[in-house]
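**Student:** Below is a structure I'd like to ask you about.
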Amino acid sequence: MNSLQRSVLECLEKVADARELSEKSGVAYSSIMSLLPALEDNGLVELERVVEERLELTPEGRDYAENGLPERRLANSLKNGEKAGAIAKKHGAIALQWAKKKGWVKVERGVVAKGKIGGDALEEFLSRPSTKSPALKEALERKLVSIKKDKSLKARITPAGKKALSGGTIDSRLTPDDLKTGAWHEKNYAEYDLKTVAAEAYPGKKNAYKEFLNEVRMRLVGMGFREVHGPLVELEFWNMDALFMAQDHPAREIHDVFQVEDPCKGRKPDKALFERVRKAHEKGIKGSTGWGYAWDPEVALRLVLRSQTTAVSARKLAEGIHPPERLFCIGTVFRPDEIDWKHFIEFTQCEGIVADENTSFRELLGYLRNFAVEVFGAKEIKFAPSYFPFTEPSVEMFANIPGRGWAEVGGAGLFRPEMLEPLGVKVPVIAWGLGVDRLAMIRLGIDDIRDINAKDLKKLR
Amino acid sequence: MVSLKVSRSWLLRQLGVSEAELIEALPNVKVEVDENAEEMGLDVTGDRPDLLSRQGILRALKGWLEQEKGAPPLKVGKARAELAVDESVKQVRPFVVAAFARGLRLDGESVAELMQVQEKLVLTHGRHRRKVAIGIHDAAKVKLPFSYKAVKGDYEFVPLGWTKKASITRILKEHDKGREYADCFGKSKVYPLFTDSLGVVSLPPIINSARTAVTMNTTDLLLDVTGTNLEACNVALNILCQDFSDAGARIEAISVDGKDYPETAPREMLLGTDYCNGVLGTKLSDNEIVHALLKQRITASKAKPGVVRCLVPRFRADFLHQIDLVEEVALGYGFNEFELKRPSVYTKGFLSAETLLENSVRDSLAGAGFVEANLTALSSEETVYKSLLESDAIKIRNPVSKDYGILRSHVLPSLLEVLAANTHEPYPQKIFEVGEVVRKAGGEAVTLKSVAAASCHANTGLTEAASILQVLLSSLGKEFKLRKSECNSFMKGRQAQIIVDGKPAGFVAEIHPQVLENFGVSVPCSCFEVDL
């Protein structure tokens, strides 16, 4: 019980309604209305819920209360010999009618004369509205007042309440002084209303999507993959040419990749590597016919926003690997597209490679099944042939995800010899990509892809 | 992926299978079912121009269902017509091939199909008509001899869709197709023209002449294919001829400078059984490999033990290497028939140092009461401008929207956007992000990771930001110093440069009221950003 509750309780010697309590205790009516249920919860009072009728002046009623009734104003200002028409025009027909009814004026042959002006119950009512006033009917008729129904409370103190009152003063908080001096032995401390004790709080919080990506990372680490990264602004060489994507490949067009300005060209990679890639494209390498066109090194040196994390895989392969090796990269990629709930121009790819002398297409399918089970929690999977410019054979995986049904969850393949040979890789390399944004949307209950980058604190907190 | 529409009842009629069998078979021939309706919505991968027609899909399905085996027959009648190619086209659109397809019975459906094949082929295989373009004409309306030559822009003819003569220059400027494809000519002042003795047949790759238009009454077609790569043109002509031949037409070659086209001789390739089994991880016999290839409409036979001889039809454009045959074997075998192999080697997995660092930064700041955002690396010039930071951001040459016209060089402006978007939410608002940024250094674009935090509430100040920074950097085992700075984004005397290992690594500051006003934020804000 706090001091406010106490002062209310003290005023409650017998039954009282909330309005009386407010007047007696000096506590605002609205506070009384919220204090009483708390006291009831603690068993200190018994409450009766009542409906109170209350009179409230309408705007017109308030106007008359302040400036007088129109018939009063008419009667007071009346001069001898005024015509009824002019009066009605000046004060309103209603005013004239009421003045006549009350006998304050008389009308003879169109001329208005003073009558007997007396007191009026309605005027008294307007200054102090009461349900007992004889003028209530007239006030309601003239729409000067309306009846409002309020829910109110009647309270009665209980024996427990009386006992609590005799208990002495109540402090709102325990202080260090109370503890040092031992005063707490003698003191009573206010009790909280458990319904309102918890205030809204905004603790620090890690981003749900980033936490999800970490979960994916941990699962891949658990499967023996090592994490790698690469730059966001990338040479077309790493983003396309090193992946054996011909320079007239549709995915290299301006509608499919963002190009950058200043600097628009990057630094040339290792010269021998550059020439090997040129040869693979122009004439072919290791039993391949190549694409049979004139490869333009200037195109390869253009800078673009990375459009596929395979660029990172190519860089890592070129840096040199020591098979057996498993790598993965979770990275941002950019592709021009319509922006809507399903498409955004910046998104995350999760991709990896396995370089191993004995790896094969069958093992690739085995990896994909493991991803579907470990990362996506899938119960069932199926494969379909697919196409990626840098893998052959290429495969797409569909998984039956609990709560979602069949969905395409990843693509994979074995890197083409024309890609591996120039990079100096002598063992077969499996490459796979998983649709993690799709999974994130399922997992986090997001139905608009743009919410992955939400700015709304309501969602973030 | 290329989308096309194919009549389901037509496919079912041709194959004699149930709808369920058709739906199950399609993915196995690299055709994805997007919409299963009478007008089926199908997606075909970009490497298979031969699947861009109902005849092509039917051909592949017949192989998969083992109704037909090996390469489909294509009988081409000897050329009776000649096409003379003039030197003048070499500089603008050097290659042309052509053929007749005779004895067709066209109806509304097959004319629509004809237009679809043509459109999809030149879009993908033809790279928007730049590399390959196709003209299909009523052969009854042309008269020999044919020629292919370059002319000047004032040359006039009646293009398809128009009723009056117009100059090429005008067609390029005013005709729908002219405007769409004029780029194919680059800066050339001459234009290629396919003509007969009566005048213009087509202005490739823009428009046919109105005179040779195909109608419902057409029975014989003239096909012209032009482009910048001869084999790509020949592949397109092979696809068309194979489609028409499958549909019952008689194909008749046209001689281009003395050589008959389409050139249909299959490409011979050898596939080693060991090589194939090594890639796939299988133990298939020579015969099993042959069987799988035959299902893929490739004529195959055992050349000698361990070697399979393959004859790849010329309508297939995707064979560069033996590996492409291996995929055909996998396709013919069936992707879902393989026994999955459990990964066999041991490797040690671990997170990168970057991720470990990022995670400890995130732990620290979340523990300090900050809410983490995940914002885009793409940002806008306006945001940088409003934050009064000096702009060294990388600009995008072809943005899709002004809101995403640059790559951010700092994280802080993104956080200010979050504050701007949440002025109605309760304060204090404390937010942070660890994100990638790109900065120019030594003429290069360098990607690095940066962390920024902002605390926005009535009682915040430089002290709060500096203490959080201290908590963060000491948790990372880093010492730092503060050096007085003067940046317009921050309040004078309430900002500092962060020095780590003797080098500038970021800033800690109270945001300048002007910046807050620019973002419509009316609550004070302190912040820091530091490179990781």
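Lettering and numbering for the structure tokens are positional, with chains as A, B, ... in the shown order, residues counted from 1 in each chain, and ligands counted from 1 in the shown order.
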Could you work out which residues of chain A fall inside 7 Å of chain B? Count only C-alpha atoms, and format the result as a ChimeraX atom specification.

**Tutor:** /A:203-207,221-228,231-233,250,258-261,263,266,287-290,324-326,336,360-363,365-367,382-387,392-393,453,455-457,460-461

**Student:** Please return, as a count of residues only, all residues of range 126-239 of chain B that DSSP assigns to alpha helix (DSSP H) on the basis of the backbone.

**Tutor:** 23

**Student:** Taking 2 positions as the minimum chain separation for residues in the same chain, which residues sit within 6 Å of range 114-126 of chain A when counting only C-alpha atoms? Answer as a list in words.

**Tutor:**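 These residues fall inside the cut-off: Ala65, Gly103, Trp104, Val105, Lys106, Arg128, Pro129 and Ala135 of chain A.
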
**Student:** Selected residues, C-alpha atoms, written as a tab-separated table (two decimals), in the first residue's frame, please.

**Tutor:**
chain	number	residue	atom	x	y	z
A	65	ALA	CA	-25.51	29.63	-19.82
A	103	GLY	CA	-45.42	35.94	-20.99
A	104	TRP	CA	-42.41	38.26	-21.16
A	105	VAL	CA	-43.78	39.91	-24.31
A	106	LYS	CA	-47.14	40.34	-25.93
A	128	ARG	CA	-26.32	24.42	-12.12
A	129	PRO	CA	-27.67	21.39	-14.03
A	135	ALA	CA	-36.62	22.77	-16.05

**Student:** Give me, as a VMD selection string, all polymer residues having an atom no more than 8 Å from Lys5 in chain B, counting only C-alpha atoms and skipping those fewer than 2 positions away in the same chain.

**Tutor:** chain B and resid 3 7 39 to 42

**Student:** Using DSSP assignments from the backbone, pull out every residue in range 334-488 of chain B that falls under strand (DSSP E or B) and give it to me as an NGL selection string.

**Tutor:** :B and (350 or 371-372 or 378-379 or 394-396 or 406-407 or 429-441 or 444-456 or 480-484)

**Student:** For the residues in that selection, give me C-alpha atoms as a short mmCIF file (atom, residue, chain, number, x, y, z; two decimals), in the first residue's frame.

**Tutor:**
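Written file, again_33.cif:
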data_model
loop_
_atom_site.label_atom_id
_atom_site.label_comp_id
_atom_site.auth_asym_id
_atom_site.auth_seq_id
_atom_site.Cartn_x
_atom_site.Cartn_y
_atom_site.Cartn_z
CA PHE B 350 36.20 -23.08 -39.23
CA VAL B 371 19.75 -3.02 -31.23
CA GLU B 372 21.37 -4.45 -34.33
CA LEU B 378 23.62 0.18 -51.58
CA SER B 379 22.69 3.69 -50.52
CA ILE B 394 31.57 4.48 -55.40
CA LYS B 395 28.87 5.44 -57.91
CA ILE B 396 26.91 2.92 -59.93
CA ILE B 406 25.97 4.35 -54.68
CA LEU B 407 27.80 1.89 -52.47
CA GLN B 429 16.84 4.53 -29.50
CA LYS B 430 20.20 2.81 -29.51
CA ILE B 431 21.19 1.07 -32.74
CA PHE B 432 24.26 -0.37 -34.41
CA GLU B 433 25.37 -2.23 -37.49
CA VAL B 434 28.47 -4.11 -38.53
CA GLY B 435 28.52 -3.88 -42.29
CA GLU B 436 30.57 -3.85 -45.42
CA VAL B 437 31.58 -0.51 -46.91
CA VAL B 438 33.60 0.33 -50.01
CA ARG B 439 36.13 3.16 -50.09
CA LYS B 440 38.49 4.50 -52.69
CA ALA B 441 42.14 4.00 -51.83
CA GLU B 444 41.09 1.28 -56.26
CA ALA B 445 37.78 0.34 -54.67
CA VAL B 446 38.47 -1.40 -51.40
CA THR B 447 35.87 -3.39 -49.45
CA LEU B 448 36.16 -3.28 -45.69
CA LYS B 449 34.07 -3.92 -42.62
CA SER B 450 33.03 -1.12 -40.35
CA VAL B 451 30.90 -0.85 -37.21
CA ALA B 452 28.77 2.16 -36.35
CA ALA B 453 26.56 2.79 -33.32
CA ALA B 454 24.18 5.63 -32.56
CA SER B 455 22.48 6.50 -29.29
CA CYS B 456 19.55 8.83 -29.63
CA PHE B 480 42.84 3.80 -28.80
CA LYS B 481 43.43 7.53 -28.55
CA LEU B 482 41.15 10.39 -29.44
CA ARG B 483 42.36 13.27 -31.58
CA LYS B 484 40.49 16.54 -32.04
#

**Student:** Would you mind telling me which residue in B:Val201, B:Ala292, B:Val122, B:Asp176 lies nearest to Cys276 in chain B when using only C-alpha atoms?

**Tutor:**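 The answer is B:Ala292, which sits nearest to Cys276 in chain B.
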
**Student:** Which value, in Å to one decimal, gives the distance between CA of Ala113 in chain A and CA of Glu66 in chain A?

**Tutor:** 26.2 Å

**Student:** Please compute the CA of Leu55 in chain A-CA of Ser127 in chain A distance, one decimal, in Å.

**Tutor:**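 The value is 12.1 Å.
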
**Student:** Could you check the closest approach to Leu136 in chain A for each of A:Leu174, A:Lys24, A:Leu179, A:Leu57 and tell me which residue wins, using only C-alpha atoms?

**Tutor:**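 Smallest distance to Leu136 in chain A is found for A:Leu57.
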
**Student:** Residues within 9 Å of Gly506 in chain B, please, as a list in words. Count only C-alpha atoms; anything in the same chain fewer than 2 positions from it doesn't count.

**Tutor:**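 That gives Ser450, Ala496, Gln497, Ile498, Ile499, Val500, Pro504, Val508, Phe528, Glu529, Val530 and Asp531 of chain B.
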
**Student:** Save out the residues we just selected, C-alpha atoms, as an mmCIF file, in the first residue's frame.

**Tutor:**
data_model
loop_
_atom_site.group_PDB
_atom_site.id
_atom_site.type_symbol
_atom_site.label_atom_id
_atom_site.label_comp_id
_atom_site.auth_asym_id
_atom_site.auth_seq_id
_atom_site.Cartn_x
_atom_site.Cartn_y
_atom_site.Cartn_z
ATOM 1 C CA SER B 450 33.030 -1.116 -40.351
ATOM 2 C CA ALA B 496 37.140 13.238 -32.237
ATOM 3 C CA GLN B 497 39.044 11.026 -34.586
ATOM 4 C CA ILE B 498 39.720 7.535 -33.232
ATOM 5 C CA ILE B 499 43.366 6.518 -33.470
ATOM 6 C CA VAL B 500 44.172 2.805 -33.263
ATOM 7 C CA PRO B 504 42.943 6.952 -37.978
ATOM 8 C CA VAL B 508 33.212 9.423 -32.158
ATOM 9 C CA PHE B 528 30.802 6.402 -33.374
ATOM 10 C CA GLU B 529 32.060 4.477 -36.361
ATOM 11 C CA VAL B 530 35.237 2.458 -36.415
ATOM 12 C CA ASP B 531 36.835 0.281 -39.094
#

**Student:** May I have the residues within 10 Å of Val96 in chain B as a PyMOL selection string, using only C-alpha atoms and disregarding those fewer than 2 positions away in the same chain?

**Tutor:** chain B and resi 83-85+89+93-94+98+132-134+147-148+194+204+224-230+233-234+256+261

**Student:** Please, could you write that set of residues out with C-alpha atoms as a PDB file, in the first residue's frame?

**Tutor:**
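For reference, selection-v9.pdb as written:
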ATOM      1  CA  LEU B  83      22.378 -16.785-102.651  1.00  0.00           C
ATOM      2  CA  ALA B  84      25.205 -14.470-103.648  1.00  0.00           C
ATOM      3  CA  VAL B  85      26.928 -12.689-100.790  1.00  0.00           C
ATOM      4  CA  VAL B  89      28.223  -6.837 -95.976  1.00  0.00           C
ATOM      5  CA  ARG B  93      26.667  -8.172 -90.741  1.00  0.00           C
ATOM      6  CA  PRO B  94      28.929 -10.686 -92.446  1.00  0.00           C
ATOM      7  CA  ALA B  98      19.052 -19.779 -95.743  1.00  0.00           C
ATOM      8  CA  VAL B 132      21.764 -14.072 -84.882  1.00  0.00           C
ATOM      9  CA  ALA B 133      18.523 -12.875 -86.479  1.00  0.00           C
ATOM     10  CA  ILE B 134      15.863 -14.851 -88.330  1.00  0.00           C
ATOM     11  CA  SER B 147      21.495 -11.772-102.939  1.00  0.00           C
ATOM     12  CA  TYR B 148      22.850 -10.399 -99.693  1.00  0.00           C
ATOM     13  CA  PHE B 194      18.489  -9.722 -98.328  1.00  0.00           C
ATOM     14  CA  PRO B 204      18.219  -8.023 -91.120  1.00  0.00           C
ATOM     15  CA  ASP B 224      16.930 -16.511 -93.730  1.00  0.00           C
ATOM     16  CA  VAL B 225      19.378 -16.379 -90.857  1.00  0.00           C
ATOM     17  CA  THR B 226      21.975 -13.617 -90.599  1.00  0.00           C
ATOM     18  CA  GLY B 227      24.518 -12.719 -87.975  1.00  0.00           C
ATOM     19  CA  THR B 228      28.016 -12.137 -86.757  1.00  0.00           C
ATOM     20  CA  ASN B 229      28.994 -15.783 -86.207  1.00  0.00           C
ATOM     21  CA  LEU B 230      28.551 -18.339 -88.993  1.00  0.00           C
ATOM     22  CA  CYS B 233      23.651 -18.870 -87.707  1.00  0.00           C
ATOM     23  CA  ASN B 234      23.933 -22.455 -88.915  1.00  0.00           C
ATOM     24  CA  VAL B 256      25.421 -19.657-100.180  1.00  0.00           C
ATOM     25  CA  TYR B 261      22.953 -24.771 -95.961  1.00  0.00           C
TER      26      TYR B 261
END

**Student:** Which of these residues is nearest to Phe244 in chain B, using only C-alpha atoms: B:Arg102, B:Lys187, B:Lys295, B:Lys164?

**Tutor:** B:Arg102

**Student:** Might you pull out every residue within 8 Å of Pro70 in chain A, with only C-alpha atoms counted and same-chain residues fewer than 4 positions away left off, and present them as an NGL selection string?

**Tutor:** :A and (64 or 74 or 91 or 95)

**Student:** Could you write out that same residue set with N, CA and C atoms as a compact mmCIF listing (two decimals), in the first residue's frame?

**Tutor:**
# COMPACT_ATOMS: atom_id res chain seq x y z
N TYR A 64 -25.96 29.55 -23.98
CA TYR A 64 -27.04 30.24 -23.25
C TYR A 64 -26.64 30.47 -21.80
N LEU A 74 -33.97 39.06 -25.80
CA LEU A 74 -35.02 39.74 -26.59
C LEU A 74 -35.81 40.66 -25.68
N HIS A 91 -33.66 38.43 -33.39
CA HIS A 91 -33.37 37.48 -32.29
C HIS A 91 -33.70 36.04 -32.64
N ALA A 95 -36.76 32.61 -30.33
CA ALA A 95 -36.66 33.50 -29.16
C ALA A 95 -38.00 34.18 -28.92
